[in-house]
Amino acid sequence: MSQYPTYLLDRAKLPDAHTFAVATKHGAYEALRKVLKEGITPAQIIQVVKDSGLRGRGGAGFPTGMKWGFMPDPAKDTRPRYLALNADESEPGTCKDRVLMEMDPHGFLEGCLVAAYAIRAQAIYIYVRGEYRAPYNRVAAAVEDARKAGLVGKKILGSDFSCEVWMHKGAGAYICGEETGLMESLEGKRGHPRPKPPFPAMFGLWGQPTTVNNVETVFNAPFIVLRGAEWFKSMGTKTSTGNLLVGVSGHVNRPGVYELPFGVTCREILDDVCGGMWKHKKLKGFLPGGSSTGVLPASFIDTPMEHDAIKATGSMLGTAAMIVMDEDTCMVRAHEIIARFYEHESCGQCSQCREGTQWLHQIFHRIEIGQGKREDIDMLVTLSRGMAPGKTICALSDAAAIPTLAAVAHYRGEFEDHVAKGCCPFLPAGVKRPSFAGAH
Amino acid sequence: MALPARLVAEFNELLTHYPHKQAALIPALHRCQEELGGWISPQTMEDCAAFLGLEPVEVYGVASFYPMFRMRPPGKHVVSVCHNISCALRGADDLLAQVCEITGAQPHHTSADGRFTVATVECQGACANAPMFDLDGVYHEDLTPEKVVKILGSVK
């Protein structure tokens with residue numbers, strides 16, 4: 001794995017990289033200084049980011065430069081404008097933004113400031129999930145140190161660029177990782193996603209032009225500004241450029257967050273990077289990019305970890321949070337857990353999602369405990385098709401339906417086995433699963 | 001009843017971060033929960049509503065939406081065990097059973113001696129270090145039965 005060039009985690013690996021002294025000694029804020037000193041314009045930054053091919057790292061993979069370009073021309077639209085940082089990392093399996101915030105908060109803050117400069121935001125709100133106390137504290141301390149050094153606030157480094165940075169804590173709701181749910185939550189409301197359009201660039205926080213970016217996305221920006229689009233495109237594949245953080249969890253020997261170029265195969269990640277399967281078991285399947293990406297059987301392990309190749313398998317790259325499952329894993333149980341999660345996290349606005357996620361969970365549960373009927377398996381499919389694609393305000397409903405469809409498509413025999421035997425074939429005789437989990 | 005003066009002072013500063021007062025609600029509820037007994041009481045919600053110029057029902061609606069806000073007083077210590085997929089693959093069921101046994105609390109309940117509240121929680125973003133629990137706001141990761149005994153045994 002060391003044969004690939006790295007940049008995302010280089011500084012993070014140094015001792016005390018979270019401190020201002022160590023971070024600045026190792027290049028933090030150099031891109032911001034260059035931008036302000038050389039008078040690089042916001043339009044030039046947006047152009048180089050467009051040229052680099054950088055795509056959002058929060059799951060959707062939307063081109064970042066294009067997103068920034070959606071912000072209205074400040075000459076024609078003089079409303080206040082905001083950058084909201086989506087640090088509400090909560091897609092099951094995903095634990096990468098936490099590493100950046102905890103280990104290199106100054107690098108992250110510099111990314112925020114470069115992005116804010118590009119879209120000419122006057123304030124940045126960093127929305128960190130409430131449970132992430134340690135990353136929150138690290139970033140908050142970094143903001144205060146940067147403020148003292150003239151890097152945050154009025155007339156940054158003596159330039160005309162002024163930008164405030166505010167920390168904001170979420171409170172445990174996955175739906176607030178959806179950009180409009182995040183904005184509602186930041187406004188002090190329930191995290192109910194908004195119908196789009198209007199899009200955040202025209203009607204965002206408090207109705208003002210707003211861009212919402214993921215932590216890892218903006219983290220890439222200073223590197224692109226300093227080293228250029230060609231350098232960035234020299235890593236990864238044609239349509240998925242640069243390196244990304246791959247978080248690997250489940251049944252591998254070395255779970256972790258690894259920096260790799262797009263296009264490395266899932267087999268290489270599993271065998272070389274993560275030291276192979278845990279306890280010498282065989283691979284059964286894996287979720288390539290978090291709990292809302294459809295499961296892939298072991299035969300797909302040679303798929304390159306990049307947007308197009310994963311999409312071609314019928315799954316999604318998502319947050320590149322690879323969840324690995326061995327031969328002893330019960331796919332019904334695994335998807336019961338996933339369905340329970342989406343039931344818990346549905347905001348309740350759309351009936352397909354509110355009711356559908358409950359139904360999915362209940363059906364998975366009764367199949368798992370041996371009370372399912374054959375028609376329940378088809379019911380999972382029928383329900384999922386009623387929930388997605390694009391039938392609801394946001395994609396949470398899709399996120400519950402997609403893994404369900406994939407599980408039934410790839411492991412139908414296992415579902416049938418549960419029904420036929422009247423129990424979970426993966427459980428030793430006499431052992432019962434924990435009782436039906438209640439509300440949170 | 002009203003909010004303690006120290007929280008009022010803190011919240012007045014918090015209001016300067018946002019163009020609209022309501023945006024301070026969730027951070028304010030966090031601070032109330034931290035400072036006022038580990039939960040959001042009806043009185044706290046009314047006090048926050050009065051402070052922010054909201055109707056109490058608006059504050060109830062928000063507070064009850066977010067899983068981190070507790071609507072009942074917890075025990076002295078709160079153990080939140082992740083039971084989502086990555087932790088489940090690495091033994092979260094056994095971890096939860098062990099935590100319940102040691103603390104004497106059932107999931108989402110408080111032990112008879114009032115010392116521990118045990119909760120199951122969805123993914124905490126510690127997937128590469130599963131299984132895990134959060135004890136009083138601090139993550140404990142890569143847990144083994146031995147570590148759990150040690151960690152919970154040293155809780156006062």
# chains A, B, ... in the order shown; residues from 1 in each chain; ligands from 1
call {"tool": "residues_around", "arguments": {"residues": "Gly59 (chain A)", "least_positions_apart": "4", "cutoff": "8 Å", "atoms": "only C-alpha atoms", "output": "PyMOL selection string"}}
result
chain A and resi 317-320
call {"tool": "write_last_selection", "arguments": {"atoms": "N, CA and C atoms", "output": "short mmCIF file (atom, residue, chain, number, x, y, z; two decimals), in the first residue's frame"}}
result
data_model
loop_
_atom_site.label_atom_id
_atom_site.label_comp_id
_atom_site.auth_asym_id
_atom_site.auth_seq_id
_atom_site.Cartn_x
_atom_site.Cartn_y
_atom_site.Cartn_z
N LEU A 317 -20.52 3.61 -4.49
CA LEU A 317 -19.29 3.87 -3.74
C LEU A 317 -19.60 4.47 -2.37
N GLY A 318 -20.66 5.31 -2.32
CA GLY A 318 -21.05 5.92 -1.04
C GLY A 318 -19.91 6.64 -0.38
N THR A 319 -19.62 6.31 0.87
CA THR A 319 -18.53 6.95 1.60
C THR A 319 -17.28 6.06 1.62
N ALA A 320 -17.23 5.06 0.74
CA ALA A 320 -16.10 4.13 0.68
C ALA A 320 -15.85 3.49 2.03
#
call {"tool": "interface_residues", "arguments": {"of": "chain A", "to": "chain B", "cutoff": "9 Å", "atoms": "only C-alpha atoms", "output": "MDAnalysis selection string"}}
result
chainID A and resid 89:96 98 130:134 164:173 185:191 206 247:251 254:257 291 323:325 329 334:335 337:338 340:341 344 347 433:434 437:440
call {"tool": "select_by_dssp", "arguments": {"residues": "chain B", "states": "alpha helix (DSSP H)", "output": "ChimeraX atom specification"}}
result
/B:5-15,25-35,42-52,56-63,85-89,92-103,145-153
call {"tool": "write_last_selection", "arguments": {"atoms": "C-alpha atoms", "output": "PDB file, in the first residue's frame"}}
result
ATOM      1  CA  ALA B   5     -27.245  32.867  35.457  1.00  0.00           C
ATOM      2  CA  ARG B   6     -24.088  31.137  34.217  1.00  0.00           C
ATOM      3  CA  LEU B   7     -26.009  29.435  31.429  1.00  0.00           C
ATOM      4  CA  VAL B   8     -27.813  32.661  30.539  1.00  0.00           C
ATOM      5  CA  ALA B   9     -24.437  34.391  30.186  1.00  0.00           C
ATOM      6  CA  GLU B  10     -23.172  31.551  28.019  1.00  0.00           C
ATOM      7  CA  PHE B  11     -26.293  31.542  25.852  1.00  0.00           C
ATOM      8  CA  ASN B  12     -26.158  35.292  25.334  1.00  0.00           C
ATOM      9  CA  GLU B  13     -22.717  34.804  23.815  1.00  0.00           C
ATOM     10  CA  LEU B  14     -24.019  31.850  21.788  1.00  0.00           C
ATOM     11  CA  LEU B  15     -26.696  34.062  20.238  1.00  0.00           C
ATOM     12  CA  LEU B  25     -31.548  25.952  20.606  1.00  0.00           C
ATOM     13  CA  ILE B  26     -29.742  22.643  20.046  1.00  0.00           C
ATOM     14  CA  PRO B  27     -26.372  23.788  21.438  1.00  0.00           C
ATOM     15  CA  ALA B  28     -28.268  25.306  24.388  1.00  0.00           C
ATOM     16  CA  LEU B  29     -30.138  22.055  25.051  1.00  0.00           C
ATOM     17  CA  HIS B  30     -26.798  20.227  25.059  1.00  0.00           C
ATOM     18  CA  ARG B  31     -25.450  22.567  27.706  1.00  0.00           C
ATOM     19  CA  CYS B  32     -28.631  22.259  29.768  1.00  0.00           C
ATOM     20  CA  GLN B  33     -28.406  18.485  29.654  1.00  0.00           C
ATOM     21  CA  GLU B  34     -24.750  18.643  30.716  1.00  0.00           C
ATOM     22  CA  GLU B  35     -25.350  21.082  33.545  1.00  0.00           C
ATOM     23  CA  PRO B  42     -40.094  19.963  30.983  1.00  0.00           C
ATOM     24  CA  GLN B  43     -39.015  22.945  33.061  1.00  0.00           C
ATOM     25  CA  THR B  44     -35.751  23.220  31.129  1.00  0.00           C
ATOM     26  CA  MET B  45     -37.649  23.178  27.864  1.00  0.00           C
ATOM     27  CA  GLU B  46     -39.955  25.927  29.093  1.00  0.00           C
ATOM     28  CA  ASP B  47     -37.006  27.980  30.264  1.00  0.00           C
ATOM     29  CA  CYS B  48     -35.206  27.570  26.936  1.00  0.00           C
ATOM     30  CA  ALA B  49     -38.396  28.508  25.110  1.00  0.00           C
ATOM     31  CA  ALA B  50     -38.741  31.667  27.171  1.00  0.00           C
ATOM     32  CA  PHE B  51     -35.094  32.557  26.629  1.00  0.00           C
ATOM     33  CA  LEU B  52     -35.246  32.097  22.857  1.00  0.00           C
ATOM     34  CA  PRO B  56     -42.587  25.528  24.677  1.00  0.00           C
ATOM     35  CA  VAL B  57     -44.148  23.099  22.205  1.00  0.00           C
ATOM     36  CA  GLU B  58     -41.554  24.077  19.602  1.00  0.00           C
ATOM     37  CA  VAL B  59     -38.789  23.183  22.031  1.00  0.00           C
ATOM     38  CA  TYR B  60     -40.487  19.868  22.935  1.00  0.00           C
ATOM     39  CA  GLY B  61     -40.759  19.060  19.246  1.00  0.00           C
ATOM     40  CA  VAL B  62     -37.055  19.643  18.681  1.00  0.00           C
ATOM     41  CA  ALA B  63     -35.753  18.074  21.899  1.00  0.00           C
ATOM     42  CA  ILE B  85     -23.646  -3.301  11.699  1.00  0.00           C
ATOM     43  CA  SER B  86     -19.877  -2.852  12.059  1.00  0.00           C
ATOM     44  CA  CYS B  87     -20.013  -3.312  15.829  1.00  0.00           C
ATOM     45  CA  ALA B  88     -22.487  -6.199  15.511  1.00  0.00           C
ATOM     46  CA  LEU B  89     -20.021  -8.016  13.240  1.00  0.00           C
ATOM     47  CA  ALA B  92     -21.764  -6.003  19.955  1.00  0.00           C
ATOM     48  CA  ASP B  93     -24.459  -8.455  21.100  1.00  0.00           C
ATOM     49  CA  ASP B  94     -22.056 -10.072  23.555  1.00  0.00           C
ATOM     50  CA  LEU B  95     -20.737  -6.684  24.614  1.00  0.00           C
ATOM     51  CA  LEU B  96     -24.236  -5.450  25.386  1.00  0.00           C
ATOM     52  CA  ALA B  97     -25.023  -8.589  27.368  1.00  0.00           C
ATOM     53  CA  GLN B  98     -21.816  -8.159  29.362  1.00  0.00           C
ATOM     54  CA  VAL B  99     -22.488  -4.485  30.049  1.00  0.00           C
ATOM     55  CA  CYS B 100     -26.004  -5.304  31.240  1.00  0.00           C
ATOM     56  CA  GLU B 101     -24.695  -8.026  33.504  1.00  0.00           C
ATOM     57  CA  ILE B 102     -21.994  -5.885  35.092  1.00  0.00           C
ATOM     58  CA  THR B 103     -24.162  -2.813  35.556  1.00  0.00           C
ATOM     59  CA  PRO B 145     -14.441  -8.672  27.719  1.00  0.00           C
ATOM     60  CA  GLU B 146     -11.316  -8.010  29.818  1.00  0.00           C
ATOM     61  CA  LYS B 147     -11.264  -4.303  28.920  1.00  0.00           C
ATOM     62  CA  VAL B 148     -14.957  -3.968  29.712  1.00  0.00           C
ATOM     63  CA  VAL B 149     -14.472  -5.416  33.184  1.00  0.00           C
ATOM     64  CA  LYS B 150     -11.608  -3.025  33.795  1.00  0.00           C
ATOM     65  CA  ILE B 151     -13.361   0.069  32.465  1.00  0.00           C
ATOM     66  CA  LEU B 152     -16.682  -0.482  34.208  1.00  0.00           C
ATOM     67  CA  GLY B 153     -14.949  -1.749  37.335  1.00  0.00           C
TER      68      GLY B 153
END
call {"tool": "atom_distance", "arguments": {"atom1": "CA of Leu283 (chain A)", "atom2": "CA of Met322 (chain A)"}}
result
12.8 Å
call {"tool": "atom_distance", "arguments": {"atom1": "CA of Ala123 (chain A)", "atom2": "CA of Leu83 (chain A)"}}
result
6.5 Å
call {"tool": "atom_distance", "arguments": {"atom1": "CA of Leu100 (chain A)", "atom2": "CA of Ala115 (chain A)"}}
result
16.4 Å
call {"tool": "residues_around", "arguments": {"residues": "Arg374 (chain A)", "least_positions_apart": "2", "cutoff": "9 Å", "atoms": "only C-alpha atoms", "output": "count of residues only"}}
result
8
call {"tool": "residues_around", "arguments": {"residues": "Met235 (chain A)", "least_positions_apart": "6", "cutoff": "8 Å", "atoms": "only C-alpha atoms", "output": "PyMOL selection string"}}
result
chain A and resi 5+241-243+261-262
call {"tool": "decode", "arguments": {"residues": "region 12-155 of chain B", "atoms": "C-alpha atoms", "output": "short mmCIF file (atom, residue, chain, number, x, y, z; two decimals), in the first residue's frame"}}
result
data_model
loop_
_atom_site.label_atom_id
_atom_site.label_comp_id
_atom_site.auth_asym_id
_atom_site.auth_seq_id
_atom_site.Cartn_x
_atom_site.Cartn_y
_atom_site.Cartn_z
CA ASN B 12 -26.16 35.29 25.33
CA GLU B 13 -22.72 34.80 23.82
CA LEU B 14 -24.02 31.85 21.79
CA LEU B 15 -26.70 34.06 20.24
CA THR B 16 -23.98 36.19 18.63
CA HIS B 17 -23.03 33.23 16.40
CA TYR B 18 -26.29 33.22 14.49
CA PRO B 19 -28.54 35.67 12.64
CA HIS B 20 -31.60 34.09 14.28
CA LYS B 21 -32.06 33.16 17.92
CA GLN B 22 -33.60 29.73 17.35
CA ALA B 23 -30.33 28.42 15.91
CA ALA B 24 -28.92 28.44 19.43
CA LEU B 25 -31.55 25.95 20.61
CA ILE B 26 -29.74 22.64 20.05
CA PRO B 27 -26.37 23.79 21.44
CA ALA B 28 -28.27 25.31 24.39
CA LEU B 29 -30.14 22.05 25.05
CA HIS B 30 -26.80 20.23 25.06
CA ARG B 31 -25.45 22.57 27.71
CA CYS B 32 -28.63 22.26 29.77
CA GLN B 33 -28.41 18.49 29.65
CA GLU B 34 -24.75 18.64 30.72
CA GLU B 35 -25.35 21.08 33.55
CA LEU B 36 -28.85 20.31 34.77
CA GLY B 37 -28.95 16.66 35.77
CA GLY B 38 -28.20 14.84 32.54
CA TRP B 39 -31.61 15.25 30.98
CA ILE B 40 -33.97 17.81 29.49
CA SER B 41 -36.78 18.35 31.97
CA PRO B 42 -40.09 19.96 30.98
CA GLN B 43 -39.01 22.95 33.06
CA THR B 44 -35.75 23.22 31.13
CA MET B 45 -37.65 23.18 27.86
CA GLU B 46 -39.96 25.93 29.09
CA ASP B 47 -37.01 27.98 30.26
CA CYS B 48 -35.21 27.57 26.94
CA ALA B 49 -38.40 28.51 25.11
CA ALA B 50 -38.74 31.67 27.17
CA PHE B 51 -35.09 32.56 26.63
CA LEU B 52 -35.25 32.10 22.86
CA GLY B 53 -38.71 33.56 22.33
CA LEU B 54 -40.19 30.23 21.24
CA GLU B 55 -43.33 28.38 22.25
CA PRO B 56 -42.59 25.53 24.68
CA VAL B 57 -44.15 23.10 22.21
CA GLU B 58 -41.55 24.08 19.60
CA VAL B 59 -38.79 23.18 22.03
CA TYR B 60 -40.49 19.87 22.93
CA GLY B 61 -40.76 19.06 19.25
CA VAL B 62 -37.06 19.64 18.68
CA ALA B 63 -35.75 18.07 21.90
CA SER B 64 -37.76 14.89 21.40
CA PHE B 65 -36.60 14.55 17.78
CA TYR B 66 -32.93 14.13 18.65
CA PRO B 67 -31.77 10.85 20.21
CA MET B 68 -29.04 12.48 22.29
CA PHE B 69 -31.55 14.43 24.37
CA ARG B 70 -32.86 12.41 27.27
CA MET B 71 -36.42 12.94 28.37
CA ARG B 72 -35.91 11.11 31.67
CA PRO B 73 -33.20 11.52 34.30
CA PRO B 74 -30.45 8.95 33.74
CA GLY B 75 -28.41 7.06 36.31
CA LYS B 76 -25.14 8.47 37.58
CA HIS B 77 -23.30 7.00 34.59
CA VAL B 78 -24.53 6.37 31.08
CA VAL B 79 -23.14 3.54 28.94
CA SER B 80 -24.18 3.79 25.29
CA VAL B 81 -23.39 0.59 23.41
CA CYS B 82 -23.26 0.77 19.62
CA HIS B 83 -25.30 -2.05 18.08
CA ASN B 84 -25.07 -1.10 14.43
CA ILE B 85 -23.65 -3.30 11.70
CA SER B 86 -19.88 -2.85 12.06
CA CYS B 87 -20.01 -3.31 15.83
CA ALA B 88 -22.49 -6.20 15.51
CA LEU B 89 -20.02 -8.02 13.24
CA ARG B 90 -17.37 -7.67 15.94
CA GLY B 91 -19.46 -8.83 18.87
CA ALA B 92 -21.76 -6.00 19.96
CA ASP B 93 -24.46 -8.45 21.10
CA ASP B 94 -22.06 -10.07 23.55
CA LEU B 95 -20.74 -6.68 24.61
CA LEU B 96 -24.24 -5.45 25.39
CA ALA B 97 -25.02 -8.59 27.37
CA GLN B 98 -21.82 -8.16 29.36
CA VAL B 99 -22.49 -4.48 30.05
CA CYS B 100 -26.00 -5.30 31.24
CA GLU B 101 -24.69 -8.03 33.50
CA ILE B 102 -21.99 -5.89 35.09
CA THR B 103 -24.16 -2.81 35.56
CA GLY B 104 -27.37 -4.58 36.48
CA ALA B 105 -29.27 -2.39 34.01
CA GLN B 106 -31.35 -3.55 31.07
CA PRO B 107 -31.07 -1.68 27.75
CA HIS B 108 -32.77 1.73 28.03
CA HIS B 109 -33.18 1.34 31.75
CA THR B 110 -31.31 2.35 34.87
CA SER B 111 -29.90 -0.09 37.41
CA ALA B 112 -31.80 -0.45 40.68
CA ASP B 113 -28.99 1.31 42.56
CA GLY B 114 -29.23 4.27 40.18
CA ARG B 115 -25.58 4.01 39.19
CA PHE B 116 -25.88 3.04 35.54
CA THR B 117 -28.14 3.69 32.61
CA VAL B 118 -27.48 1.42 29.64
CA ALA B 119 -28.56 2.39 26.16
CA THR B 120 -28.13 0.92 22.73
CA VAL B 121 -27.18 3.52 20.14
CA GLU B 122 -26.82 3.57 16.39
CA CYS B 123 -23.46 3.97 14.64
CA GLN B 124 -21.10 6.24 16.56
CA GLY B 125 -18.45 6.45 13.85
CA ALA B 126 -16.02 4.10 15.56
CA CYS B 127 -16.53 1.32 13.01
CA ALA B 128 -12.86 0.55 12.45
CA ASN B 129 -12.43 0.13 16.21
CA ALA B 130 -15.48 -2.00 16.91
CA PRO B 131 -16.99 -2.94 19.23
CA MET B 132 -17.33 0.19 21.30
CA PHE B 133 -19.33 2.03 23.89
CA ASP B 134 -19.50 5.60 25.03
CA LEU B 135 -19.22 6.00 28.80
CA ASP B 136 -20.29 9.43 30.04
CA GLY B 137 -19.27 11.09 26.78
CA VAL B 138 -15.97 9.28 26.26
CA TYR B 139 -15.46 6.64 23.58
CA HIS B 140 -14.00 3.27 24.56
CA GLU B 141 -13.03 1.29 21.47
CA ASP B 142 -11.62 -2.07 20.42
CA LEU B 143 -13.37 -3.50 23.47
CA THR B 144 -12.71 -6.99 24.76
CA PRO B 145 -14.44 -8.67 27.72
CA GLU B 146 -11.32 -8.01 29.82
CA LYS B 147 -11.26 -4.30 28.92
CA VAL B 148 -14.96 -3.97 29.71
CA VAL B 149 -14.47 -5.42 33.18
CA LYS B 150 -11.61 -3.03 33.79
CA ILE B 151 -13.36 0.07 32.46
CA LEU B 152 -16.68 -0.48 34.21
CA GLY B 153 -14.95 -1.75 37.34
CA SER B 154 -13.05 1.51 37.73
CA VAL B 155 -16.16 3.68 37.49
#
